[in-house]
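Engineer: The file below is data.pdb, PDB, C-alpha atoms:
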```
ATOM      1  CA  MET A1383       0.000   0.000   0.000
ATOM      2  CA  MET A1384       2.859   2.380   0.785
ATOM      3  CA  THR A1385       4.364   1.787  -2.639
ATOM      4  CA  ALA A1386       0.970   2.255  -4.307
ATOM      5  CA  LEU A1387       0.440   5.557  -2.489
ATOM      6  CA  GLU A1388       3.918   6.710  -3.484
ATOM      7  CA  ASN A1389       3.347   5.689  -7.109
ATOM      8  CA  ALA A1390       0.056   7.600  -7.157
ATOM      9  CA  GLY A1391       1.720  10.697  -5.695
ATOM     10  CA  LEU A1392      -0.423  10.438  -2.568
ATOM     11  CA  ALA A1393       2.176   9.475   0.052
ATOM     12  CA  ASN A1394       2.206  12.972   1.544
ATOM     13  CA  LEU A1395      -1.582  13.386   1.370
ATOM     14  CA  VAL A1396      -2.862  10.112   2.817
ATOM     15  CA  TYR A1397      -2.195   8.868   6.324
ATOM     16  CA  LEU A1398      -1.945   5.076   6.227
ATOM     17  CA  TRP A1399      -3.174   3.292   9.335
ATOM     18  CA  SER A1400      -3.076  -0.401  10.204
ATOM     19  CA  ASP A1401      -4.460  -2.404  13.092
ATOM     20  CA  ASP A1402      -2.606  -5.163  14.895
ATOM     21  CA  ASN A1403      -4.314  -7.622  17.222
ATOM     22  CA  LEU A1404      -1.013  -8.633  18.873
ATOM     23  CA  SER A1405      -1.641 -12.306  18.167
ATOM     24  CA  ASN A1406       1.255 -13.112  15.851
ATOM     25  CA  ASP A1407       4.729 -12.098  14.735
ATOM     26  CA  TYR A1408       3.950 -12.091  10.998
ATOM     27  CA  LEU A1409       5.365  -8.602  10.598
ATOM     28  CA  TRP A1410       8.846  -9.902  11.374
ATOM     29  CA  LYS A1411       8.292 -13.379   9.975
ATOM     30  CA  TYR A1412       7.137 -12.368   6.493
ATOM     31  CA  LEU A1413       8.535  -8.901   5.856
ATOM     32  CA  THR A1414      12.123  -8.469   4.746
ATOM     33  CA  PRO A1415      14.488  -6.093   6.529
ATOM     34  CA  HIS A1416      13.977  -3.774   3.523
ATOM     35  CA  ASP A1417      10.183  -3.937   3.999
ATOM     36  CA  LEU A1418      10.520  -3.193   7.712
ATOM     37  CA  GLU A1419      12.759  -0.230   6.955
ATOM     38  CA  LYS A1420      10.174   1.120   4.496
ATOM     39  CA  LEU A1421       7.488   0.757   7.155
ATOM     40  CA  ARG A1422       9.714   2.443   9.739
ATOM     41  CA  SER A1423      10.680   5.355   7.518
ATOM     42  CA  TYR A1424       7.298   5.963   5.858
ATOM     43  CA  THR A1425       6.260   9.434   6.985
ATOM     44  CA  ASN A1426       2.468   9.087   7.022
ATOM     45  CA  TYR A1427       2.109   5.692   8.664
ATOM     46  CA  GLY A1428       0.638   4.739  12.003
ATOM     47  CA  ARG A1429      -0.219   1.484  13.659
ATOM     48  CA  VAL A1430      -2.522   0.622  16.536
ATOM     49  CA  ALA A1431      -2.291  -2.606  18.476
ATOM     50  CA  CYS A1432      -5.011  -3.967  20.728
ATOM     51  CA  PHE A1433      -4.451  -5.496  24.137
ATOM     52  CA  LYS A1434      -7.335  -7.915  24.691
ATOM     53  CA  GLY A1435      -7.709  -7.622  28.446
ATOM     54  CA  ILE A1436      -5.884  -6.504  31.563
ATOM     55  CA  ASP A1437      -4.704  -9.897  32.783
ATOM     56  CA  ALA A1438      -4.496 -13.492  31.601
ATOM     57  CA  GLU A1439      -8.041 -14.242  32.803
ATOM     58  CA  SER A1440      -9.689 -11.355  30.927
ATOM     59  CA  PHE A1441      -7.493 -12.034  27.873
ATOM     60  CA  ALA A1442      -8.742 -15.647  27.745
ATOM     61  CA  PHE A1443     -12.309 -14.473  28.357
ATOM     62  CA  ASN A1444     -12.141 -11.980  25.469
ATOM     63  CA  THR A1445     -10.265 -14.129  22.962
ATOM     64  CA  LEU A1446     -10.986 -17.731  23.970
ATOM     65  CA  ALA A1447      -7.229 -18.218  23.546
ATOM     66  CA  ASP A1448      -4.739 -19.729  25.953
ATOM     67  CA  PRO A1449      -4.273 -17.360  28.922
ATOM     68  CA  ALA A1450      -0.498 -17.810  28.580
ATOM     69  CA  LEU A1451      -0.691 -15.767  25.361
ATOM     70  CA  PHE A1452      -1.541 -12.654  27.376
ATOM     71  CA  GLU A1453       2.158 -11.952  27.938
ATOM     72  CA  ARG A1454       2.918 -12.396  24.232
ATOM     73  CA  GLN A1455       0.981  -9.175  23.537
ATOM     74  CA  PHE A1456       3.540  -7.172  25.522
ATOM     75  CA  GLU A1457       6.464  -8.837  23.774
ATOM     76  CA  LEU A1458       4.989  -8.034  20.360
ATOM     77  CA  PHE A1459       4.141  -4.465  21.312
ATOM     78  CA  GLU A1460       7.653  -3.912  22.612
ATOM     79  CA  ARG A1461       9.016  -5.141  19.274
ATOM     80  CA  LEU A1462       6.744  -2.651  17.520
ATOM     81  CA  THR A1463       8.119   0.203  19.634
ATOM     82  CA  ARG A1464      11.610  -0.646  18.394
ATOM     83  CA  LEU A1465      10.470   0.198  14.855
ATOM     84  CA  GLU A1466       9.950   3.787  16.061
ATOM     85  CA  ILE A1467       6.745   4.217  14.091
ATOM     86  CA  ASP A1468       3.696   6.298  15.011
ATOM     87  CA  LEU A1469       2.336   3.682  17.412
ATOM     88  CA  TYR A1470      -0.800   3.583  19.554
ATOM     89  CA  ALA A1471      -2.657   0.994  21.613
ATOM     90  CA  TYR A1472      -6.234   0.038  22.355
ATOM     91  CA  VAL A1473      -7.306  -2.052  25.302
ATOM     92  CA  THR A1474     -10.534  -3.921  25.925
ATOM     93  CA  PHE A1475     -11.765  -3.805  29.495
ATOM     94  CA  THR A1476     -14.498  -6.410  29.188
ATOM     95  CA  VAL A1477     -13.633  -8.498  32.230
ATOM     96  CA  PRO A1478     -15.515 -11.500  33.608
ATOM     97  CA  SER A1479     -15.451 -10.074  37.143
ATOM     98  CA  THR A1480     -14.542  -6.925  39.023
ATOM     99  CA  THR A1481     -12.857  -8.902  41.814
ATOM    100  CA  SER A1482      -9.437  -7.338  42.527
ATOM    101  CA  ILE A1483      -9.883  -5.084  39.509
ATOM    102  CA  SER A1484      -7.950  -2.187  41.051
ATOM    103  CA  SER A1485      -4.856  -4.297  41.635
ATOM    104  CA  LYS A1486      -5.199  -5.933  38.212
ATOM    105  CA  MET A1487      -5.439  -2.516  36.548
ATOM    106  CA  HIS A1488      -2.434  -1.293  38.519
ATOM    107  CA  SER A1489      -0.425  -4.314  37.343
ATOM    108  CA  PHE A1490      -1.592  -3.882  33.756
ATOM    109  CA  MET A1491      -0.512  -0.249  33.748
ATOM    110  CA  ASP A1492       2.829  -1.218  35.333
ATOM    111  CA  ARG A1493       3.276  -3.687  32.487
ATOM    112  CA  LEU A1494       2.517  -1.002  29.881
ATOM    113  CA  GLN A1495       4.987   1.348  31.545
ATOM    114  CA  SER A1496       7.652  -1.360  31.537
ATOM    115  CA  ILE A1497       7.574  -0.946  27.740
ATOM    116  CA  HIS A1498       7.540   2.852  27.904
ATOM    117  CA  GLU A1499       6.577   5.189  30.725
ATOM    118  CA  ASN A1500       4.218   7.118  28.399
ATOM    119  CA  LEU A1501       2.482   4.123  26.845
ATOM    120  CA  PRO A1502      -0.681   4.457  28.983
ATOM    121  CA  LEU A1503      -1.164   7.934  27.498
ATOM    122  CA  ARG A1504      -1.034   6.431  23.996
ATOM    123  CA  THR A1505      -3.524   3.729  24.974
ATOM    124  CA  VAL A1506      -7.243   4.157  24.360
ATOM    125  CA  PRO A1507      -9.796   2.037  26.224
ATOM    126  CA  LEU A1508     -12.322   0.592  23.773
ATOM    127  CA  ARG A1509     -15.898   0.615  24.965
ATOM    128  CA  ILE A1510     -17.437  -2.650  23.784
ATOM    129  CA  GLN A1511     -21.163  -2.574  23.060
ATOM    130  CA  GLY A1512     -23.637  -5.213  22.018
ATOM    131  CA  LEU A1513     -25.020  -4.879  18.524
ATOM    132  CA  THR A1514     -28.437  -6.007  17.394
ATOM    133  CA  PRO A1515     -27.146  -9.056  15.448
ATOM    134  CA  THR A1516     -25.234 -10.350  18.487
ATOM    135  CA  LEU A1517     -27.470  -9.330  21.391
ATOM    136  CA  GLY A1518     -29.685 -12.416  21.082
ATOM    137  CA  ARG A1519     -26.665 -14.725  21.176
ATOM    138  CA  MET A1520     -24.902 -13.086  24.102
ATOM    139  CA  LYS A1521     -24.628 -15.033  27.311
ATOM    140  CA  GLN A1522     -25.167 -13.359  30.670
ATOM    141  CA  GLU A1523     -21.422 -13.383  31.405
ATOM    142  CA  HIS A1524     -20.811 -11.281  28.292
ATOM    143  CA  SER A1525     -23.554  -8.818  29.188
ATOM    144  CA  ASN A1526     -22.052  -8.566  32.664
ATOM    145  CA  SER A1527     -18.589  -7.950  31.214
ATOM    146  CA  MET A1528     -19.874  -4.927  29.340
ATOM    147  CA  GLN A1529     -21.115  -3.521  32.648
ATOM    148  CA  HIS A1530     -17.816  -4.422  34.355
ATOM    149  CA  GLN A1531     -15.914  -2.457  31.713
ATOM    150  CA  GLU A1532     -17.453   0.748  33.050
ATOM    151  CA  THR A1533     -15.845   0.050  36.434
ATOM    152  CA  ALA A1534     -12.572  -0.820  34.693
ATOM    153  CA  ILE A1535     -12.585   2.422  32.682
ATOM    154  CA  HIS A1536     -13.200   4.405  35.865
ATOM    155  CA  ILE A1537     -10.246   2.681  37.579
ATOM    156  CA  TRP A1538      -8.100   3.189  34.462
ATOM    157  CA  ASN A1539      -8.796   6.931  34.598
ATOM    158  CA  GLU A1540      -7.979   7.044  38.309
ATOM    159  CA  GLU A1541      -4.714   5.214  37.672
ATOM    160  CA  ILE A1542      -3.826   7.614  34.840
ATOM    161  CA  SER A1543      -4.425  10.552  37.207
ATOM    162  CA  LYS A1544      -2.126   9.029  39.815
ATOM    163  CA  ARG A1545       0.715   8.442  37.357
ATOM    164  CA  PHE A1546       0.645  11.557  35.180
ATOM    165  CA  SER A1547       0.308  15.294  35.688
ATOM    166  CA  SER A1548      -2.831  17.017  34.408
ATOM    167  CA  SER A1549      -0.731  18.885  31.823
ATOM    168  CA  HIS A1550       0.677  15.590  30.546
ATOM    169  CA  ILE A1551      -2.797  14.022  30.458
ATOM    170  CA  SER A1552      -4.229  16.989  28.530
ATOM    171  CA  GLN A1553      -1.750  16.641  25.670
ATOM    172  CA  HIS A1554      -3.070  15.353  22.374
ATOM    173  CA  ILE A1555      -2.390  11.629  22.090
ATOM    174  CA  SER A1556      -0.264  12.079  18.956
ATOM    175  CA  THR A1557       2.141  14.401  20.792
ATOM    176  CA  ILE A1558       2.935  11.861  23.511
ATOM    177  CA  SER A1559       6.358  10.438  22.802
ATOM    178  CA  LEU A1560       7.239   6.753  22.753
ATOM    179  CA  ALA A1561      10.798   7.477  21.667
ATOM    180  CA  LYS A1562      13.555   5.389  23.167
ATOM    181  CA  ARG A1563      14.373   6.330  26.718
TER
END
```
Is it possible to express this structure as structure tokens?
Structural biologist:
Amino acid sequence: MMTALENAGLANLVYLWSDDNLSNDYLWKYLTPHDLEKLRSYTNYGRVACFKGIDAESFAFNTLADPALFERQFELFERLTRLEIDLYAYVTFTVPSTTSISSKMHSFMDRLQSIHENLPLRTVPLRIQGLTPTLGRMKQEHSNSMQHQETAIHIWNEEISKRFSSSHISQHISTISLAKR
């Protein structure tokens, strides 16, 4: 796509965005070093990666994948930061329970900050909502998780306020640096 935009003379007019679900290492497995360098140096490119929960339990609940894969998300995101691209994160807060949610959120944010101290400020909580086609198929535990996410978002915001100054929090997300420390 980058080459196509360049060939069409649109590389400076179109911002190219891609999503990453942090479930595989295909970027490094299938792209050549030349491809990775193009991705890294492309001026109008950004990538967002989605953390699917705040701990192994919520990750497994949201993805139906092995809870051990929760940690893999952080490894992959850290690799993405090394590319020094315009990088952002989403996080889903649909959790099966609010038991110990404050300590789980604290640990999750610690884990984000182990990658980069500013990463929580480049992370956007996704509010998950039921849609008409899926509402009839949803189980009670999934409906509950959408209510639990409201508590999780509230705790996330509290944790952000504890860790960052109001002037830092008020900055536009794109101005928050994830440059190497």
Engineer: Considering all atoms listed in the file, give me a table of residues in segment 1507-1562 of chain A that are at most 12 Å from segment 1415-1439 of chain A, with the closest atom pair and distance in Å for each, as a tab-separated table.
Structural biologist:
```
residue	atom	partner	partner_atom	distance
A:Pro1507	CA	A:Cys1432	CA	9.4
A:Leu1508	CA	A:Cys1432	CA	9.1
A:Ile1510	CA	A:Lys1434	CA	11.4
A:Ser1527	CA	A:Gly1435	CA	11.2
A:Gln1531	CA	A:Gly1435	CA	10.2
A:Ala1534	CA	A:Ile1436	CA	9.3
A:Ile1535	CA	A:Ile1436	CA	11.2
A:Ile1537	CA	A:Ile1436	CA	11.8
A:Trp1538	CA	A:Ile1436	CA	10.4
A:Ser1556	CA	A:Gly1428	CA	10.2
```
Engineer: Enter the distance from atom CA of Ser1482 of chain A to atom CA of Ser1543 of chain A, in Å, rounded to one decimal.
Structural biologist: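 Going from atom CA of Ser1482 of chain A over to atom CA of Ser1543 of chain A covers 19.3 Å.
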Engineer: So what do you get for atom CA of Val1396 of chain A versus atom CA of Pro1502 of chain A, distance-wise?
Structural biologist: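 Computed distance, atom CA of Val1396 of chain A to atom CA of Pro1502 of chain A, equals 26.9 Å.
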Engineer: List, as a ChimeraX atom specification, every residue that the PyMOL selection byres ((chain A and resi 1542) around 12) selects in the file provided.
Structural biologist: /A:1487-1488,1490-1492,1494-1495,1499-1507,1535-1541,1543-1548,1550-1552
Engineer: Skipping near chain neighbours, those fewer than 2 positions away, what residues fall within 12 Å of Arg1464 of chain A using only C-alpha atoms, listed as a PDB file with C-alpha atoms, in the frame of the given file?
Structural biologist:
```
ATOM      1  CA  TRP A1410       8.846  -9.902  11.374  1.00  0.00           C
ATOM      2  CA  LEU A1418      10.520  -3.193   7.712  1.00  0.00           C
ATOM      3  CA  GLU A1419      12.759  -0.230   6.955  1.00  0.00           C
ATOM      4  CA  ARG A1422       9.714   2.443   9.739  1.00  0.00           C
ATOM      5  CA  GLU A1457       6.464  -8.837  23.774  1.00  0.00           C
ATOM      6  CA  LEU A1458       4.989  -8.034  20.360  1.00  0.00           C
ATOM      7  CA  PHE A1459       4.141  -4.465  21.312  1.00  0.00           C
ATOM      8  CA  GLU A1460       7.653  -3.912  22.612  1.00  0.00           C
ATOM      9  CA  ARG A1461       9.016  -5.141  19.274  1.00  0.00           C
ATOM     10  CA  LEU A1462       6.744  -2.651  17.520  1.00  0.00           C
ATOM     11  CA  GLU A1466       9.950   3.787  16.061  1.00  0.00           C
ATOM     12  CA  ILE A1467       6.745   4.217  14.091  1.00  0.00           C
ATOM     13  CA  ASP A1468       3.696   6.298  15.011  1.00  0.00           C
ATOM     14  CA  LEU A1469       2.336   3.682  17.412  1.00  0.00           C
ATOM     15  CA  ILE A1497       7.574  -0.946  27.740  1.00  0.00           C
ATOM     16  CA  HIS A1498       7.540   2.852  27.904  1.00  0.00           C
ATOM     17  CA  LEU A1560       7.239   6.753  22.753  1.00  0.00           C
ATOM     18  CA  ALA A1561      10.798   7.477  21.667  1.00  0.00           C
ATOM     19  CA  LYS A1562      13.555   5.389  23.167  1.00  0.00           C
ATOM     20  CA  ARG A1563      14.373   6.330  26.718  1.00  0.00           C
TER      21      ARG A1563
END
```
Engineer: So how far away is atom CA of Arg1454 of chain A from atom CA of His1524 of chain A, in Å?
Structural biologist: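 So the answer is 24.1 Å.
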Engineer: Can you pull out every residue within 12 Å of Asn1526 of chain A, counting all atoms listed in the file, but drop anything in the same chain fewer than 6 positions away, and send it as a VMD selection string?
Structural biologist: chain A and resid 1475 to 1480 1510 to 1512 1520 1532 to 1533
Engineer: With C-alpha atoms retained, write the just-selected residues as a PDB file, in the coordinates of the input.
Structural biologist:
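Everything below was put into out_9.pdb:
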```pdb
ATOM      1  CA  PHE A1475     -11.765  -3.805  29.495  1.00  0.00           C
ATOM      2  CA  THR A1476     -14.498  -6.410  29.188  1.00  0.00           C
ATOM      3  CA  VAL A1477     -13.633  -8.498  32.230  1.00  0.00           C
ATOM      4  CA  PRO A1478     -15.515 -11.500  33.608  1.00  0.00           C
ATOM      5  CA  SER A1479     -15.451 -10.074  37.143  1.00  0.00           C
ATOM      6  CA  THR A1480     -14.542  -6.925  39.023  1.00  0.00           C
ATOM      7  CA  ILE A1510     -17.437  -2.650  23.784  1.00  0.00           C
ATOM      8  CA  GLN A1511     -21.163  -2.574  23.060  1.00  0.00           C
ATOM      9  CA  GLY A1512     -23.637  -5.213  22.018  1.00  0.00           C
ATOM     10  CA  MET A1520     -24.902 -13.086  24.102  1.00  0.00           C
ATOM     11  CA  GLU A1532     -17.453   0.748  33.050  1.00  0.00           C
ATOM     12  CA  THR A1533     -15.845   0.050  36.434  1.00  0.00           C
TER      13      THR A1533
END
```
Engineer: Could you tell me which of A:Leu1392, A:Ile1555, A:Leu1404, A:Leu1409 comes closest to Glu1453 of chain A if we count all atoms listed in the file?
Structural biologist: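 For Glu1453 of chain A, the nearest of the given residues is A:Leu1404.
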Engineer: Looking at A:Gln1522, A:Asn1406, A:Gln1455, A:Ser1485, which one is nearest to Ala1471 of chain A, with distances taken over only C-alpha atoms?
Structural biologist: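 Ranking A:Gln1522, A:Asn1406, A:Gln1455, A:Ser1485 by distance to Ala1471 of chain A, first place goes to A:Gln1455.
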Engineer: Find the residue from A:Tyr1412, A:Asn1403, A:Leu1395, A:Ser1549 that sits nearest to Tyr1470 of chain A; use only C-alpha atoms when measuring.
Structural biologist: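 The answer is A:Asn1403, which sits nearest to Tyr1470 of chain A.
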Engineer: Writing N, CA and C atoms and nothing else, produce segment 1406-1433 of chain A as an mmCIF file, in the first residue's frame.
Structural biologist:
```cif
data_model
loop_
_atom_site.group_PDB
_atom_site.id
_atom_site.type_symbol
_atom_site.label_atom_id
_atom_site.label_comp_id
_atom_site.auth_asym_id
_atom_site.auth_seq_id
_atom_site.Cartn_x
_atom_site.Cartn_y
_atom_site.Cartn_z
ATOM 1 N N ASN A 1406 0.230 -12.387 16.606
ATOM 2 C CA ASN A 1406 1.255 -13.112 15.851
ATOM 3 C C ASN A 1406 2.439 -12.204 15.538
ATOM 4 N N ASP A 1407 3.505 -12.833 15.081
ATOM 5 C CA ASP A 1407 4.729 -12.098 14.735
ATOM 6 C C ASP A 1407 4.944 -12.035 13.223
ATOM 7 N N TYR A 1408 3.857 -12.073 12.458
ATOM 8 C CA TYR A 1408 3.950 -12.091 10.998
ATOM 9 C C TYR A 1408 4.724 -10.912 10.429
ATOM 10 N N LEU A 1409 4.654 -9.787 11.082
ATOM 11 C CA LEU A 1409 5.365 -8.602 10.598
ATOM 12 C C LEU A 1409 6.854 -8.918 10.429
ATOM 13 N N TRP A 1410 7.420 -9.583 11.407
ATOM 14 C CA TRP A 1410 8.846 -9.902 11.374
ATOM 15 C C TRP A 1410 9.117 -11.215 10.650
ATOM 16 N N LYS A 1411 8.128 -12.074 10.615
ATOM 17 C CA LYS A 1411 8.292 -13.379 9.975
ATOM 18 C C LYS A 1411 8.240 -13.275 8.445
ATOM 19 N N TYR A 1412 7.363 -12.407 7.937
ATOM 20 C CA TYR A 1412 7.137 -12.368 6.493
ATOM 21 C C TYR A 1412 7.673 -11.129 5.783
ATOM 22 N N LEU A 1413 7.969 -10.071 6.512
ATOM 23 C CA LEU A 1413 8.535 -8.901 5.856
ATOM 24 C C LEU A 1413 10.054 -8.975 5.884
ATOM 25 N N THR A 1414 10.659 -8.495 4.830
ATOM 26 C CA THR A 1414 12.123 -8.469 4.746
ATOM 27 C C THR A 1414 12.642 -7.280 5.559
ATOM 28 N N PRO A 1415 13.928 -7.278 5.871
ATOM 29 C CA PRO A 1415 14.488 -6.093 6.529
ATOM 30 C C PRO A 1415 14.231 -4.815 5.713
ATOM 31 N N HIS A 1416 14.276 -4.922 4.386
ATOM 32 C CA HIS A 1416 13.977 -3.774 3.523
ATOM 33 C C HIS A 1416 12.532 -3.311 3.715
ATOM 34 N N ASP A 1417 11.595 -4.267 3.773
ATOM 35 C CA ASP A 1417 10.183 -3.937 3.999
ATOM 36 C C ASP A 1417 9.988 -3.246 5.348
ATOM 37 N N LEU A 1418 10.640 -3.778 6.375
ATOM 38 C CA LEU A 1418 10.520 -3.193 7.712
ATOM 39 C C LEU A 1418 11.094 -1.780 7.741
ATOM 40 N N GLU A 1419 12.170 -1.569 7.009
ATOM 41 C CA GLU A 1419 12.759 -0.230 6.955
ATOM 42 C C GLU A 1419 11.813 0.737 6.244
ATOM 43 N N LYS A 1420 11.147 0.264 5.190
ATOM 44 C CA LYS A 1420 10.174 1.120 4.496
ATOM 45 C C LYS A 1420 9.043 1.490 5.457
ATOM 46 N N LEU A 1421 8.546 0.512 6.188
ATOM 47 C CA LEU A 1421 7.488 0.757 7.155
ATOM 48 C C LEU A 1421 7.953 1.759 8.204
ATOM 49 N N ARG A 1422 9.159 1.579 8.709
ATOM 50 C CA ARG A 1422 9.714 2.443 9.739
ATOM 51 C C ARG A 1422 9.902 3.869 9.250
ATOM 52 N N SER A 1423 10.336 4.028 8.019
ATOM 53 C CA SER A 1423 10.680 5.355 7.518
ATOM 54 C C SER A 1423 9.529 6.060 6.784
ATOM 55 N N TYR A 1424 8.429 5.371 6.569
ATOM 56 C CA TYR A 1424 7.298 5.963 5.858
ATOM 57 C C TYR A 1424 6.688 7.066 6.716
ATOM 58 N N THR A 1425 6.649 8.258 6.206
ATOM 59 C CA THR A 1425 6.260 9.434 6.985
ATOM 60 C C THR A 1425 4.824 9.398 7.490
ATOM 61 N N ASN A 1426 3.888 9.031 6.662
ATOM 62 C CA ASN A 1426 2.468 9.087 7.022
ATOM 63 C C ASN A 1426 1.909 7.713 7.351
ATOM 64 N N TYR A 1427 2.566 7.024 8.270
ATOM 65 C CA TYR A 1427 2.109 5.692 8.664
ATOM 66 C C TYR A 1427 1.959 5.604 10.174
ATOM 67 N N GLY A 1428 0.864 5.006 10.592
ATOM 68 C CA GLY A 1428 0.638 4.739 12.003
ATOM 69 C C GLY A 1428 0.056 3.359 12.183
ATOM 70 N N ARG A 1429 0.262 2.829 13.355
ATOM 71 C CA ARG A 1429 -0.219 1.484 13.659
ATOM 72 C C ARG A 1429 -0.818 1.506 15.055
ATOM 73 N N VAL A 1430 -1.921 0.792 15.221
ATOM 74 C CA VAL A 1430 -2.522 0.622 16.536
ATOM 75 C C VAL A 1430 -2.568 -0.867 16.829
ATOM 76 N N ALA A 1431 -2.262 -1.210 18.057
ATOM 77 C CA ALA A 1431 -2.291 -2.606 18.476
ATOM 78 C C ALA A 1431 -3.231 -2.729 19.665
ATOM 79 N N CYS A 1432 -3.976 -3.821 19.718
ATOM 80 C CA CYS A 1432 -5.011 -3.967 20.728
ATOM 81 C C CYS A 1432 -4.651 -5.026 21.762
ATOM 82 N N PHE A 1433 -4.588 -4.582 23.012
ATOM 83 C CA PHE A 1433 -4.451 -5.496 24.137
ATOM 84 C C PHE A 1433 -5.851 -5.997 24.474
#
```
